[in-house]
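Data block below; observations after.
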Amino acid sequence: MPERVASEVLSAMVGGMFSASALYPLEVLKTRMQAEAKPSSNPQEETVTNETSSTASNNASNNGDNNNDETESNSTTNEKQTLKNQYTHAATEGMSSYASLMYQHEGGIAPFYAGVGTSAVQSATEKALYFFAYTFLKNGYVNLTGSSNIGTISNLILGCMAEWTHLPVTLPIDCVTTAIQTDDKNRGAFVLLGNILSEKGIGGFYKGIQAYTVLCLKPAIQYTVYEQVKKIVLATRRVNRAAAAGGGRSSAIVVEDESLGAAEAFLLGMVARVVATMLTYPYLRAKVMLQSTYGNAKVKPTIPQMISEQFSEGGVWGLYQGIGPELTRGVFSAALMMMVKERIGVMVRALIDGREEQQKQLINNRGR
């Protein structure tokens, strides 16, 4: 039993790290687009207002040097505001527009990989802890009920419980990763970590945790859909192979029957992630905004208030702003992770079964 748990944890950890690193630019795009607030109706509108105010202030001033300083300062502010408005408008247009703007104004591809190491650690830790807890809870459920057939509702409950077990560790890493991705001053992870700790204390690392009352359902839904469909696929495969082989099966076939092929795992992982993402995305965006846009606000709205505000300002699209890169990244990330996890799981189980077979043979030889 411990070997099986270790197999699940190791394969999930490697799969999570690989998928997070391979698709990290989409993660950056997703987070940046989610964090953008509603833009003004015209990207130049606020700039024109600022310029008018600046001109009036300059005309009222009698000091030429001060006028020049104010003009330069206001010009810089106006340029930043114009660029900010361009980013917020690009977020509503789609990820290609936003990515083009980032590439043009932020120095090429470097910003798309800011924080990739932190994200890889977070993903590996999250997946390892989740699957450790999920496998442990699932085995406990089987031992208590005496049945290996776990229903959909039971799977969802076990998945939610497993999700909450890793949050004390992974949410602070997620908070730092989000800060790196949305920081316009390009400060490092340790600087941002120190800022969060000095400004907000330990509680600053758990901004947005209330969103997980719903977000805990995301992996639960994803892996429940995956496990339930996988169970059907494997059961059908066993019946077909048993009928073809006439009942005799080797241990190699047993191991293979307990796993999906690479293409099967990839496609099933994609479908499961789409279902989970569409159902929980508004809460995911609210969590990111709470960690970034409202990060330093003295009075922060609740998650339901933020969702209501997003809906009133942008309708359904306001709730799903940034869904493009989230679906693209999430779908391929889940598909890659499950594919790698299944393949590594097969290898680890084969090694475990081979070792157990050798031990049995050694015991039999001693008995003779």
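Just remember, in the structure tokens the first chain shown is A, the second B, etc., residues are 1-based per chain, and ligands are 1-based in the order shown.
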Close residues, A:Leu26 itself excluded, 9 Å, only C-alpha atoms, min 5 positions apart in chain, as a ChimeraX atom specification: /A:31,95,112,325-326,328-330
Filtered DSSP result for stretch 119-321 of chain A, state helix (DSSP H, G or I), as an MDAnalysis selection string: chainID A and resid 119:145 152:182 189:200 202:206 209:215 217:245 251:257 262:291 303:319
At a cut-off of 9 Å, using only C-alpha atoms, what residues contact A:Ser7? Leave out same-chain residues fewer than 5 positions from it and give the result as a compact mmCIF listing (two decimals) with N, CA and C atoms, in the first residue's frame.
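New file out_30.txt:
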# COMPACT_ATOMS: atom_id res chain seq x y z
N PRO A 2 1.88 1.39 0.87
CA PRO A 2 2.73 2.59 0.84
C PRO A 2 3.38 2.79 -0.52
N ALA A 12 2.56 12.20 -9.91
CA ALA A 12 1.83 13.47 -9.93
C ALA A 12 2.78 14.66 -9.81
N ILE A 344 4.48 7.44 -15.90
CA ILE A 344 5.40 7.24 -14.77
C ILE A 344 4.79 6.23 -13.79
N GLY A 345 3.48 6.34 -13.60
CA GLY A 345 2.80 5.40 -12.72
C GLY A 345 2.96 3.96 -13.18
N VAL A 346 2.87 3.74 -14.50
CA VAL A 346 3.04 2.40 -15.06
C VAL A 346 4.45 1.88 -14.76
N VAL A 348 6.59 2.88 -12.38
CA VAL A 348 6.80 2.66 -10.95
C VAL A 348 6.10 1.39 -10.48
N ARG A 349 4.86 1.19 -10.93
CA ARG A 349 4.13 -0.02 -10.53
C ARG A 349 4.79 -1.27 -11.07
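Reported to one decimal place, the separation of atom CA of A:Gln181 from atom CA of A:Tyr113 is 8.7 Å.
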